[in-house]
>>> print(open('entry.txt').read())   # compact mmCIF, C-alpha atoms
# COMPACT_ATOMS: atom_id res chain seq x y z
CA MET A 1291 95.37 173.13 127.47
CA ASP A 1292 95.36 176.64 128.94
CA PRO A 1293 98.94 177.37 130.10
CA LEU A 1294 97.75 178.78 133.45
CA LEU A 1295 95.74 175.65 134.17
CA LEU A 1296 98.74 173.59 133.14
CA ALA A 1297 100.88 175.67 135.52
CA ALA A 1298 98.55 174.78 138.41
CA ILE A 1299 98.75 171.09 137.49
CA VAL A 1300 102.57 171.23 137.29
CA ALA A 1301 102.72 172.97 140.70
CA ALA A 1302 100.44 170.34 142.29
CA ALA A 1303 102.43 167.48 140.72
CA THR A 1304 105.74 169.00 141.88
CA ILE A 1305 104.48 169.34 145.46
CA LEU A 1306 103.20 165.75 145.51
CA VAL A 1307 106.45 164.35 144.12
CA LEU A 1308 108.66 166.34 146.50
CA PHE A 1309 106.49 165.38 149.48
CA SER A 1310 106.85 161.72 148.54
CA GLY A 1311 110.33 161.75 150.06
CA VAL A 1312 112.51 161.70 146.94
CA SER A 1313 115.40 164.14 146.74
CA VAL A 1314 114.67 167.61 145.40
CA ALA A 1315 116.85 167.13 142.30
CA LEU A 1316 115.38 163.73 141.41
CA GLY A 1317 111.86 165.05 142.02
CA LEU A 1318 112.39 167.95 139.61
CA LEU A 1319 113.72 165.57 136.94
CA ILE A 1320 110.74 163.23 137.36
CA VAL A 1321 108.22 166.07 137.02
CA SER A 1322 110.06 167.65 134.08
CA GLY A 1323 110.46 164.39 132.19
CA GLY A 1324 106.88 163.34 132.83
CA PHE A 1325 105.28 166.51 131.50
CA LEU A 1326 107.62 166.71 128.52
CA ILE A 1327 106.70 163.14 127.53
CA ILE A 1328 102.98 163.88 127.87
CA PHE A 1329 102.98 167.11 125.85
CA ASP A 1330 106.03 166.89 123.56
CA GLY A 1331 106.50 163.14 123.20
CA PRO A 1332 109.34 160.79 124.24
CA ARG A 1333 111.79 162.35 121.76
CA SER A 1334 111.84 165.52 123.90
CA LEU A 1335 113.87 163.60 126.48
CA GLU A 1336 116.84 163.49 124.10
CA LEU A 1337 117.57 167.13 124.96
CA LEU A 1338 117.55 166.68 128.74
CA PRO A 1339 121.17 165.45 129.22
CA GLU A 1340 122.47 168.37 127.16
CA ILE A 1341 120.33 170.84 129.17
CA PHE A 1342 121.33 169.25 132.48
CA PHE A 1343 125.08 169.37 131.86
CA GLY A 1344 124.83 172.67 130.00
CA LYS A 1345 123.46 174.25 133.17
CA LEU A 1346 126.57 173.04 135.02
CA ASP A 1347 128.92 174.38 132.32
CA ASN A 1348 129.55 177.61 134.20
CA PHE A 1349 132.92 178.69 135.60
CA ALA A 1350 131.20 180.58 138.44
CA LEU A 1351 129.95 177.26 139.85
CA LEU A 1352 133.52 176.49 140.95
CA SER A 1353 133.03 178.97 143.79
CA ILE A 1354 130.34 176.79 145.40
CA PRO A 1355 132.54 173.81 146.46
CA MET A 1356 135.35 176.21 147.39
CA PHE A 1357 133.17 178.26 149.77
CA ILE A 1358 131.72 175.03 151.16
CA ILE A 1359 135.24 173.74 151.90
CA MET A 1360 135.99 177.08 153.53
CA GLY A 1361 132.99 176.70 155.83
CA ALA A 1362 133.60 173.01 156.55
CA ALA A 1363 137.21 173.66 157.56
CA ILE A 1364 136.13 176.35 160.02
CA ALA A 1365 133.23 174.26 161.35
CA SER A 1366 135.57 171.36 162.13
CA THR A 1367 137.61 173.47 164.59
CA ARG A 1368 137.06 175.40 167.81
CA ALA A 1369 136.65 178.62 165.83
CA GLY A 1370 133.01 178.97 166.87
CA ALA A 1371 133.88 178.49 170.52
CA ASP A 1372 136.70 181.04 170.30
CA LEU A 1373 134.47 183.62 168.62
CA TYR A 1374 131.81 183.09 171.25
CA GLU A 1375 134.28 183.29 174.14
CA ALA A 1376 135.93 186.46 172.81
CA LEU A 1377 132.64 188.32 172.45
CA GLU A 1378 131.36 187.00 175.76
CA ARG A 1379 134.40 188.38 177.58
CA TRP A 1380 133.93 191.82 176.01
CA LEU A 1381 130.14 192.10 176.31
CA THR A 1382 129.44 190.27 179.55
CA ARG A 1383 128.50 193.42 181.51
CA VAL A 1384 125.94 194.63 178.97
CA PRO A 1385 122.29 193.79 179.84
CA GLY A 1386 121.55 190.77 177.69
CA GLY A 1387 125.23 190.72 176.79
CA LEU A 1388 125.42 186.96 176.56
CA VAL A 1389 122.66 186.86 173.94
CA ILE A 1390 124.40 189.69 172.06
CA SER A 1391 127.67 187.75 172.25
CA ASN A 1392 126.01 184.72 170.72
CA LEU A 1393 124.40 186.76 167.96
CA GLY A 1394 127.68 188.51 167.17
CA ALA A 1395 129.50 185.18 167.09
CA CYS A 1396 126.79 183.80 164.78
CA ALA A 1397 127.26 186.77 162.42
CA LEU A 1398 131.05 186.37 162.27
CA PHE A 1399 130.91 182.61 161.94
CA ALA A 1400 128.25 182.92 159.25
CA ALA A 1401 130.52 185.24 157.30
CA MET A 1402 133.18 182.54 157.27
CA SER A 1403 131.08 179.42 156.82
CA GLY A 1404 128.08 180.58 154.78
CA SER A 1405 126.12 177.72 156.37
CA SER A 1406 123.20 178.22 158.73
CA PRO A 1407 123.19 174.71 160.28
CA ALA A 1408 126.97 174.84 160.80
CA THR A 1409 126.64 178.23 162.51
CA CYS A 1410 123.89 176.95 164.81
CA ALA A 1411 125.91 173.88 165.74
CA ALA A 1412 129.23 175.68 166.29
CA ILE A 1413 127.90 178.56 168.42
CA GLY A 1414 125.05 176.67 170.05
CA LYS A 1415 127.27 174.03 171.63
CA MET A 1416 128.94 176.71 173.74
CA GLY A 1417 126.29 179.43 173.92
CA ILE A 1418 123.14 177.54 174.91
CA PRO A 1419 124.56 175.80 178.03
CA GLU A 1420 126.21 179.04 179.17
CA MET A 1421 123.03 181.10 178.78
CA ARG A 1422 120.96 178.52 180.64
CA LYS A 1423 123.54 178.47 183.43
CA ARG A 1424 123.31 182.28 183.70
CA GLY A 1425 119.52 182.17 184.11
CA TYR A 1426 118.31 182.96 180.60
CA PRO A 1427 115.01 181.24 179.72
CA ASP A 1428 115.35 178.16 177.53
CA GLY A 1429 113.35 179.84 174.75
CA VAL A 1430 115.69 182.85 174.63
CA ALA A 1431 118.83 180.69 174.75
CA ALA A 1432 117.72 178.35 171.97
CA GLY A 1433 115.70 180.80 169.85
CA SER A 1434 118.47 183.40 169.61
CA ILE A 1435 120.97 180.82 168.33
CA ALA A 1436 118.46 179.37 165.86
CA ALA A 1437 117.76 182.87 164.50
CA GLY A 1438 121.41 183.93 164.53
CA GLY A 1439 122.31 180.86 162.51
CA THR A 1440 120.09 181.99 159.65
CA LEU A 1441 122.51 184.85 158.97
CA GLY A 1442 124.76 182.30 157.24
CA ILE A 1443 122.86 182.54 153.96
CA LEU A 1444 122.77 186.36 153.86
CA ILE A 1445 126.12 187.72 155.08
CA PRO A 1446 128.77 187.18 152.37
CA PRO A 1447 130.24 184.92 151.24
CA SER A 1448 126.91 183.16 150.71
CA VAL A 1449 126.35 180.02 148.64
CA THR A 1450 122.68 180.99 148.35
CA MET A 1451 123.62 184.28 146.71
CA ILE A 1452 125.92 182.44 144.30
CA VAL A 1453 123.07 180.14 143.28
CA TYR A 1454 120.74 183.12 142.82
CA GLY A 1455 123.35 184.92 140.72
CA ILE A 1456 123.83 181.91 138.44
CA ALA A 1457 120.07 181.25 138.15
CA THR A 1458 119.23 184.87 137.28
CA GLU A 1459 122.51 185.88 135.56
CA THR A 1460 123.09 188.57 138.18
CA SER A 1461 126.56 189.73 139.24
CA ILE A 1462 127.69 187.63 142.21
CA GLY A 1463 129.95 190.48 143.35
CA ARG A 1464 126.95 192.82 143.53
CA LEU A 1465 124.91 190.23 145.38
CA PHE A 1466 127.59 189.74 148.02
CA LEU A 1467 127.80 193.48 148.61
CA ALA A 1468 124.01 193.76 148.65
CA GLY A 1469 123.78 191.23 151.49
CA LEU A 1470 126.32 192.97 153.74
CA LEU A 1471 124.36 195.96 155.08
CA PRO A 1472 121.01 194.09 155.36
CA GLY A 1473 122.87 191.33 157.22
CA LEU A 1474 124.29 193.87 159.67
CA MET A 1475 120.84 195.46 159.92
CA LEU A 1476 119.35 192.11 160.96
CA VAL A 1477 122.12 191.62 163.50
CA GLY A 1478 121.29 195.07 164.91
CA LEU A 1479 117.56 194.28 165.07
CA PHE A 1480 118.25 190.96 166.78
CA MET A 1481 120.53 192.63 169.32
CA ALA A 1482 118.07 195.48 169.96
CA TRP A 1483 115.31 192.99 170.68
CA SER A 1484 117.62 190.98 172.98
CA ILE A 1485 118.60 194.05 175.01
CA TRP A 1486 114.99 195.24 175.30
CA SER A 1487 113.60 191.82 176.26
CA THR A 1488 116.35 191.35 178.86
CA TRP A 1489 115.73 194.80 180.32
CA LYS A 1490 112.00 194.05 180.42
CA THR A 1491 112.57 191.03 182.67
CA GLY A 1492 113.99 193.34 185.34
CA ASP A 1493 116.83 190.91 186.03
CA SER A 1494 119.48 192.43 183.81
CA VAL A 1495 122.08 192.46 186.59
CA ALA A 1496 121.87 188.69 187.05
CA LEU A 1497 121.79 188.05 183.33
CA SER A 1498 124.93 190.11 182.76
CA ALA A 1499 126.80 188.64 185.72
CA GLY A 1500 130.45 187.83 185.15
CA SER A 1501 133.68 189.77 185.13
CA TYR A 1502 136.88 189.52 183.11
CA SER A 1503 140.10 191.43 183.48
CA TRP A 1504 141.56 193.38 180.57
CA ARG A 1505 144.28 190.73 180.31
CA GLU A 1506 141.65 188.00 179.91
CA ARG A 1507 139.86 190.06 177.28
CA LEU A 1508 142.99 190.76 175.25
CA GLU A 1509 144.51 187.29 175.38
CA ILE A 1510 141.62 185.76 173.43
CA LEU A 1511 141.86 188.20 170.51
CA PRO A 1512 144.81 186.54 168.68
CA ARG A 1513 142.65 183.45 168.11
CA VAL A 1514 139.99 185.57 166.40
CA VAL A 1515 142.10 187.93 164.31
CA PRO A 1516 143.11 185.37 161.61
CA PHE A 1517 139.48 184.73 160.76
CA LEU A 1518 138.70 188.42 160.55
CA ILE A 1519 141.68 188.77 158.21
CA ILE A 1520 140.24 186.01 156.00
CA ILE A 1521 136.87 187.75 155.78
CA VAL A 1522 138.44 191.11 154.93
CA GLY A 1523 140.95 189.49 152.59
CA VAL A 1524 138.29 187.58 150.63
CA LEU A 1525 136.18 190.72 150.18
CA TYR A 1526 139.21 192.86 149.28
CA ALA A 1527 140.47 190.34 146.70
CA MET A 1528 137.04 190.21 145.10
CA TYR A 1529 136.31 193.94 145.00
CA GLY A 1530 139.85 195.20 144.66
CA GLY A 1531 140.08 193.70 141.19
CA ILE A 1532 142.62 191.12 142.29
CA ALA A 1533 140.58 187.96 141.64
CA THR A 1534 137.24 186.70 140.40
CA PRO A 1535 134.70 185.25 142.91
CA SER A 1536 135.74 181.71 141.96
CA GLU A 1537 139.45 182.44 142.38
CA THR A 1538 138.76 184.25 145.66
CA ALA A 1539 136.78 181.27 146.93
CA ALA A 1540 139.69 178.95 146.14
CA VAL A 1541 142.16 181.17 148.01
CA GLY A 1542 139.75 181.46 150.95
CA ALA A 1543 139.35 177.68 151.10
CA ILE A 1544 143.12 177.13 151.16
CA LEU A 1545 143.62 179.79 153.84
CA CYS A 1546 140.89 178.30 156.04
CA LEU A 1547 142.43 174.84 155.71
CA VAL A 1548 145.87 176.22 156.57
CA ILE A 1549 144.53 178.10 159.62
CA ALA A 1550 142.60 175.03 160.75
CA MET A 1551 145.81 172.98 160.55
CA VAL A 1552 148.20 175.56 162.04
CA ILE A 1553 146.07 177.11 164.80
CA TYR A 1554 143.80 174.19 165.67
CA SER A 1555 146.21 171.32 164.83
CA LEU A 1556 143.91 169.76 162.25
CA TRP A 1557 146.74 167.57 160.98
CA SER A 1558 145.02 164.20 161.13
CA PRO A 1559 144.49 162.76 157.63
CA ARG A 1560 141.15 161.42 158.82
CA ALA A 1561 140.01 164.89 159.95
CA ILE A 1562 141.08 166.50 156.65
CA TRP A 1563 139.40 163.66 154.74
CA THR A 1564 136.18 164.28 156.70
CA VAL A 1565 136.23 167.97 155.73
CA LEU A 1566 136.77 167.15 152.05
CA ARG A 1567 134.24 164.30 152.07
CA ASP A 1568 131.46 166.36 153.67
CA SER A 1569 132.21 169.30 151.37
CA THR A 1570 132.04 167.05 148.31
CA LYS A 1571 128.70 165.58 149.38
CA GLU A 1572 127.13 169.01 149.92
CA SER A 1573 128.62 170.41 146.70
CA VAL A 1574 127.34 167.49 144.60
CA MET A 1575 123.88 167.85 146.16
CA ILE A 1576 123.72 171.56 145.27
CA LEU A 1577 125.11 171.03 141.75
CA PHE A 1578 122.66 168.17 141.16
CA ILE A 1579 119.79 170.49 142.14
CA ILE A 1580 121.15 173.22 139.84
CA GLY A 1581 121.28 170.83 136.87
CA ALA A 1582 117.79 169.46 137.61
CA ALA A 1583 116.42 172.98 138.04
CA GLY A 1584 117.78 173.82 134.59
CA VAL A 1585 115.75 170.95 133.15
CA PHE A 1586 112.70 172.08 135.16
CA SER A 1587 113.08 175.62 133.80
CA TYR A 1588 113.32 174.27 130.26
CA MET A 1589 110.11 172.30 130.76
CA LEU A 1590 108.27 175.39 132.07
CA SER A 1591 109.46 177.47 129.13
CA SER A 1592 108.84 174.74 126.56
CA LEU A 1593 105.22 174.38 127.69
CA TYR A 1594 104.84 178.19 127.65
CA ILE A 1595 104.12 178.26 131.40
CA THR A 1596 106.70 180.84 132.43
CA GLN A 1597 105.73 183.25 129.66
CA SER A 1598 102.00 182.88 130.37
CA ILE A 1599 102.37 183.57 134.09
CA ALA A 1600 104.50 186.65 133.41
CA GLU A 1601 101.99 187.90 130.85
CA TRP A 1602 99.06 187.27 133.19
CA ILE A 1603 100.78 189.11 136.04
CA SER A 1604 101.65 192.06 133.81
CA GLN A 1605 97.97 192.44 132.89
CA LEU A 1606 96.79 192.54 136.49
CA ASP A 1607 95.62 195.97 137.57
CA VAL A 1608 97.21 195.89 141.01
CA ASN A 1609 99.74 198.02 142.81
CA ARG A 1610 103.25 196.61 142.42
CA TRP A 1611 103.69 196.50 146.20
CA VAL A 1612 100.59 194.34 146.49
CA LEU A 1613 102.28 192.09 143.96
CA MET A 1614 105.49 192.09 146.01
CA GLY A 1615 103.50 191.22 149.14
CA THR A 1616 101.96 188.26 147.33
CA ILE A 1617 105.40 187.10 146.17
CA ASN A 1618 106.69 187.34 149.75
CA VAL A 1619 103.85 185.16 151.01
CA PHE A 1620 104.63 182.62 148.28
CA LEU A 1621 108.32 182.60 149.21
CA LEU A 1622 107.53 182.21 152.91
CA VAL A 1623 105.28 179.22 152.28
CA ALA A 1624 107.82 177.64 149.90
CA GLY A 1625 110.59 178.21 152.47
CA PHE A 1626 108.56 176.32 155.08
CA PHE A 1627 108.90 173.12 153.06
CA LEU A 1628 111.98 173.37 150.83
CA PRO A 1629 115.66 174.32 151.32
CA PRO A 1630 116.69 177.81 150.10
CA VAL A 1631 118.69 176.53 147.10
CA ALA A 1632 115.71 174.54 145.82
CA VAL A 1633 113.30 177.47 146.23
CA ILE A 1634 115.60 179.85 144.38
CA LEU A 1635 116.22 177.51 141.47
CA MET A 1636 112.56 176.54 141.11
CA ALA A 1637 111.10 180.03 141.57
CA ALA A 1638 113.65 182.13 139.67
CA PRO A 1639 112.40 181.25 136.13
CA ILE A 1640 108.86 182.23 137.12
CA LEU A 1641 109.52 185.20 139.39
CA MET A 1642 112.24 187.08 137.49
CA PRO A 1643 110.03 188.11 134.52
CA ILE A 1644 107.43 189.28 137.04
CA ILE A 1645 110.01 191.23 139.09
CA GLU A 1646 111.44 192.91 135.99
CA THR A 1647 107.97 193.73 134.62
CA ALA A 1648 106.99 195.33 137.94
CA GLY A 1649 110.16 197.45 137.93
CA PHE A 1650 111.93 195.90 140.92
CA ASP A 1651 115.71 195.62 141.12
CA ALA A 1652 117.01 192.03 140.80
CA VAL A 1653 119.83 192.63 143.32
CA TRP A 1654 117.44 194.16 145.86
CA PHE A 1655 115.01 191.27 145.37
CA ALA A 1656 117.80 188.77 146.08
CA VAL A 1657 118.11 190.17 149.60
CA VAL A 1658 114.33 190.13 150.17
CA LEU A 1659 114.16 186.54 148.90
CA THR A 1660 117.06 185.47 151.12
CA ILE A 1661 115.48 186.92 154.27
CA ASN A 1662 112.31 185.00 153.42
CA MET A 1663 114.42 181.86 153.19
CA GLU A 1664 115.93 182.69 156.60
CA ILE A 1665 112.44 182.74 158.10
CA GLY A 1666 111.83 179.30 156.57
CA LEU A 1667 114.92 177.94 158.34
CA ILE A 1668 113.30 178.58 161.75
CA SER A 1669 109.71 177.74 160.81
CA PRO A 1670 108.07 174.31 160.83
CA PRO A 1671 107.56 171.79 159.34
CA VAL A 1672 111.09 171.72 157.88
CA GLY A 1673 112.76 174.44 160.00
CA LEU A 1674 116.24 172.94 159.71
CA ASN A 1675 117.79 175.21 162.35
CA LEU A 1676 115.13 174.23 164.90
CA TYR A 1677 116.13 170.58 164.60
CA VAL A 1678 119.83 171.40 164.77
CA ILE A 1679 119.27 173.24 168.05
CA ASN A 1680 117.07 170.42 169.32
CA GLY A 1681 119.92 168.02 168.56
CA ILE A 1682 122.35 170.18 170.57
CA ALA A 1683 119.97 170.60 173.53
CA PRO A 1684 117.54 167.64 173.36
CA ASP A 1685 116.05 168.47 176.77
CA ILE A 1686 114.63 171.73 175.34
CA LYS A 1687 111.31 171.00 173.65
CA LEU A 1688 110.96 171.83 169.98
CA LYS A 1689 107.93 173.99 170.82
CA THR A 1690 110.05 176.04 173.24
CA ILE A 1691 112.72 176.59 170.58
CA LEU A 1692 110.04 177.67 168.09
CA TYR A 1693 108.43 180.15 170.51
CA GLY A 1694 111.84 181.52 171.40
CA SER A 1695 112.64 182.19 167.74
CA LEU A 1696 109.31 183.91 166.92
CA PRO A 1697 110.43 187.42 168.06
CA TYR A 1698 113.38 187.12 165.69
CA VAL A 1699 111.00 186.18 162.88
CA GLY A 1700 109.29 189.50 163.66
CA CYS A 1701 112.68 191.22 163.34
CA MET A 1702 113.17 189.63 159.89
CA VAL A 1703 109.72 190.78 158.76
CA ALA A 1704 110.61 194.27 160.00
CA GLY A 1705 113.83 194.00 157.99
CA ILE A 1706 111.88 193.20 154.82
CA VAL A 1707 109.59 196.19 155.47
CA LEU A 1708 112.62 198.46 155.92
CA LEU A 1709 114.11 197.17 152.67
CA CYS A 1710 110.85 197.98 150.89
CA LEU A 1711 110.78 201.48 152.38
CA PHE A 1712 114.51 202.09 151.90
CA PRO A 1713 115.80 199.87 149.05
CA GLY A 1714 119.13 201.69 149.23
CA ILE A 1715 119.99 199.53 152.25
CA ALA A 1716 120.65 196.76 149.75
CA THR A 1717 121.60 198.70 146.61
CA TRP A 1718 123.72 201.59 147.94
CA LEU A 1719 126.91 199.63 148.65
CA PRO A 1720 126.97 197.70 145.32
CA ASP A 1721 126.37 200.95 143.43
CA LEU A 1722 129.09 202.71 145.42
CA VAL A 1723 131.74 200.02 144.93
CA MET A 1724 130.87 198.73 141.45
CA GLY A 1725 129.04 201.68 139.92
CA VAL A 1726 125.40 202.16 139.04
CA GLU A 1727 124.11 199.65 136.51
CA PRO A 1728 122.68 201.20 133.32
>>> encode(input="entry.txt", output="structure tokens")
Amino acid sequence: MDPLLLAAIVAAATILVLFSGVSVALGLLIVSGGFLIIFDGPRSLELLPEIFFGKLDNFALLSIPMFIIMGAAIASTRAGADLYEALERWLTRVPGGLVISNLGACALFAAMSGSSPATCAAIGKMGIPEMRKRGYPDGVAAGSIAAGGTLGILIPPSVTMIVYGIATETSIGRLFLAGLLPGLMLVGLFMAWSIWSTWKTGDSVALSAGSYSWRERLEILPRVVPFLIIIVGVLYAMYGGIATPSETAAVGAILCLVIAMVIYSLWSPRAIWTVLRDSTKESVMILFIIGAAGVFSYMLSSLYITQSIAEWISQLDVNRWVLMGTINVFLLVAGFFLPPVAVILMAAPILMPIIETAGFDAVWFAVVLTINMEIGLISPPVGLNLYVINGIAPDIKLKTILYGSLPYVGCMVAGIVLLCLFPGIATWLPDLVMGVEP
């Protein structure tokens, strides 16, 4: 059978299996095993356990559960509320300041947790009621938090970036640095839109109502400083040559647990057990997907699908930016239906040969891919962040949340365009800190 036709059949079968309701990892194993039996015979299944566990035999994978524990410990405390309250006290007089406070809190919380849903839940519980009380439209209140929560998979430390680095054999340290400036760029675009849209309503005075004394502004800072120290400390340990990403993640996890216990009195054995239990569940889910994706990649390569697609793309007489636009559309559509980790692990074996053939930088592409995944988090039908916000504020219709997040989707698209025009936004900092790759 022609490999390209086989590729189309595999894609259709994968979509059908995943839409059947089975887990992503189990679905990938079913598809992989089925096609290997059909084309290579039952004996081909003997290799699958070795491939599955071989994919997990990577020391860098230790950083995933550690960063997840780090985020779970922070999410179980009032850290999100404290971040929100601190920024709200300092920015309350700025037109649209409350939206900016929420976005800033989302960015900081995302840097600590690396989880978009956790960021939405932590900041949204405080921010959405307060914005509605101040007179902000429901769409703005809910949409800004849903969009701000997506920053969790871009601003380091990011589990998504770790998965991409393992899947493509790209330096995780470079990927973390590459996500920093684009993450801040998105925060800036979100804030710029919030200020402009608030000013456009003509009611900026009412929306920025509220006054705090300097004493009230300063007294909240000590509750925020420890978390800022953790962020700076984790990045310094990683890039100062003190520790590897996995070792840094372990230290960060311990520090976050200690801070949660000391500052927020998280001493209850049940509370600590909940943090560890939830972290273990999420870590196992991600590792299971990684192992299954390794089997899926083997199947694609064994049936000569990956090589045929790369060869076909290389022979197309099209501008490489047209090719990149097509890849972006593919990633957007995939992100509408699948979680970021699944998209990365499924698409990486196919896309990386194409990216390299077209002359694009793998680190730069990681940022573009991640922003596409962010858009998927606030787009139906999956749109995980939309449902998290709807759970926090059930009286706000899902349609209202979606419409409120659309301007921020536009900001993300603008961010991708800026990265295409100025790739140094993603590559300059890694090259500066770690040197230019040969």
>>> residues_around(input="entry.txt", residues="A:Ala1432", least_positions_apart="2", cutoff="9 Å", atoms="all atoms listed in the file", output="list of chain:residue names")
A:Gly1414, A:Gly1417, A:Ile1418, A:Pro1427, A:Asp1428, A:Gly1429, A:Val1430, A:Ser1434, A:Ile1435, A:Ala1436, A:Ala1437, A:Leu1676, A:Ile1679, A:Asn1680, A:Ala1683, A:Ile1686, A:Thr1690, A:Ile1691, A:Leu1692, A:Gly1694, A:Ser1695
>>> residues_around(input="entry.txt", residues="A:Gly1317", least_positions_apart="6", cutoff="9 Å", atoms="all atoms listed in the file", output="JSON, numbers by chain")
{"A": [1304, 1307, 1308, 1310, 1311, 1582]}
>>> closest_atom_pairs(input="entry.txt", of="stretch 1436-1495 of chain A", to="stretch 1699-1711 of chain A", cutoff="7 Å", atoms="all atoms listed in the file", output="CSV")
residue,atom,partner,partner_atom,distance
A:Leu1476,CA,A:Gly1705,CA,6.5
A:Leu1479,CA,A:Cys1701,CA,6.0
A:Phe1480,CA,A:Cys1701,CA,6.6
>>> closest_residue(input="entry.txt", among="A:Phe1309, A:Tyr1502, A:Phe1399, A:Phe1655", to="A:Gly1439", atoms="all atoms listed in the file")
A:Phe1399
>>> closest_residue(input="entry.txt", among="A:Trp1557, A:Phe1586, A:Phe1357, A:Phe1342", to="A:Leu1326", atoms="all atoms listed in the file")
A:Phe1586
>>> residues_around(input="entry.txt", residues="A:Pro1630", least_positions_apart="6", cutoff="12 Å", atoms="all atoms listed in the file", output="PyMOL selection string")
chain A and resi 1314+1405-1406+1440+1442-1444+1448-1454+1576+1579+1621-1624+1636-1638+1656+1659-1667+1672-1674
>>> closest_residue(input="entry.txt", among="A:Ser1587, A:Ala1468, A:Val1619, A:Ala1632", to="A:Gly1714", atoms="only C-alpha atoms")
A:Ala1468
>>> atom_distance(input="entry.txt", atom1="atom CA of A:Pro1670", atom2="atom CA of A:Met1614")
23.3 Å
>>> closest_residue(input="entry.txt", among="A:Val1565, A:Ile1358, A:Val1633, A:Met1402", to="A:Leu1318", atoms="only C-alpha atoms")
A:Val1633
>>> atom_distance(input="entry.txt", atom1="atom CA of A:Leu1722", atom2="atom CA of A:Gly1394")
26.0 Å
>>> residues_near_point(input="entry.txt", point="(134.5, 178.8, 138.4)", cutoff="12 Å", atoms="all atoms listed in the file", output="PDB file with C-alpha atoms, keeping the file's coordinate frame")
ATOM      1  CA  LEU A1346     126.570 173.040 135.020  1.00  0.00           C
ATOM      2  CA  ASP A1347     128.920 174.380 132.320  1.00  0.00           C
ATOM      3  CA  ASN A1348     129.550 177.610 134.200  1.00  0.00           C
ATOM      4  CA  PHE A1349     132.920 178.690 135.600  1.00  0.00           C
ATOM      5  CA  ALA A1350     131.200 180.580 138.440  1.00  0.00           C
ATOM      6  CA  LEU A1351     129.950 177.260 139.850  1.00  0.00           C
ATOM      7  CA  LEU A1352     133.520 176.490 140.950  1.00  0.00           C
ATOM      8  CA  SER A1353     133.030 178.970 143.790  1.00  0.00           C
ATOM      9  CA  ILE A1354     130.340 176.790 145.400  1.00  0.00           C
ATOM     10  CA  PRO A1355     132.540 173.810 146.460  1.00  0.00           C
ATOM     11  CA  MET A1356     135.350 176.210 147.390  1.00  0.00           C
ATOM     12  CA  PHE A1357     133.170 178.260 149.770  1.00  0.00           C
ATOM     13  CA  ILE A1452     125.920 182.440 144.300  1.00  0.00           C
ATOM     14  CA  ILE A1456     123.830 181.910 138.440  1.00  0.00           C
ATOM     15  CA  ILE A1462     127.690 187.630 142.210  1.00  0.00           C
ATOM     16  CA  ALA A1533     140.580 187.960 141.640  1.00  0.00           C
ATOM     17  CA  THR A1534     137.240 186.700 140.400  1.00  0.00           C
ATOM     18  CA  PRO A1535     134.700 185.250 142.910  1.00  0.00           C
ATOM     19  CA  SER A1536     135.740 181.710 141.960  1.00  0.00           C
ATOM     20  CA  GLU A1537     139.450 182.440 142.380  1.00  0.00           C
ATOM     21  CA  THR A1538     138.760 184.250 145.660  1.00  0.00           C
ATOM     22  CA  ALA A1539     136.780 181.270 146.930  1.00  0.00           C
ATOM     23  CA  ALA A1540     139.690 178.950 146.140  1.00  0.00           C
TER      24      ALA A1540
END
>>> atom_distance(input="entry.txt", atom1="atom CA of A:Ala1431", atom2="atom CA of A:Val1389")
7.3 Å
>>> closest_residue(input="entry.txt", among="A:Ile1510, A:Leu1606, A:Leu1465, A:Val1477", to="A:Gly1438", atoms="all atoms listed in the file")
A:Val1477
>>> residues_around(input="entry.txt", residues="A:Ala1363", least_positions_apart="4", cutoff="8 Å", atoms="all atoms listed in the file", output="short mmCIF file (atom, residue, chain, number, x, y, z; two decimals) with C-alpha atoms, keeping the file's coordinate frame")
data_model
loop_
_atom_site.label_atom_id
_atom_site.label_comp_id
_atom_site.auth_asym_id
_atom_site.auth_seq_id
_atom_site.Cartn_x
_atom_site.Cartn_y
_atom_site.Cartn_z
CA ILE A 1359 135.24 173.74 151.90
CA THR A 1367 137.61 173.47 164.59
CA ALA A 1543 139.35 177.68 151.10
CA CYS A 1546 140.89 178.30 156.04
CA LEU A 1547 142.43 174.84 155.71
CA ALA A 1550 142.60 175.03 160.75
CA VAL A 1565 136.23 167.97 155.73
#
>>> residues_around(input="entry.txt", residues="A:Leu1593", least_positions_apart="5", cutoff="9 Å", atoms="all atoms listed in the file", output="PDB file with C-alpha atoms, in the frame of the given file")
ATOM      1  CA  PRO A1293      98.940 177.370 130.100  1.00  0.00           C
ATOM      2  CA  LEU A1296      98.740 173.590 133.140  1.00  0.00           C
ATOM      3  CA  PHE A1325     105.280 166.510 131.500  1.00  0.00           C
ATOM      4  CA  LEU A1326     107.620 166.710 128.520  1.00  0.00           C
ATOM      5  CA  PHE A1329     102.980 167.110 125.850  1.00  0.00           C
ATOM      6  CA  ASP A1330     106.030 166.890 123.560  1.00  0.00           C
ATOM      7  CA  TYR A1588     113.320 174.270 130.260  1.00  0.00           C
TER       8      TYR A1588
END
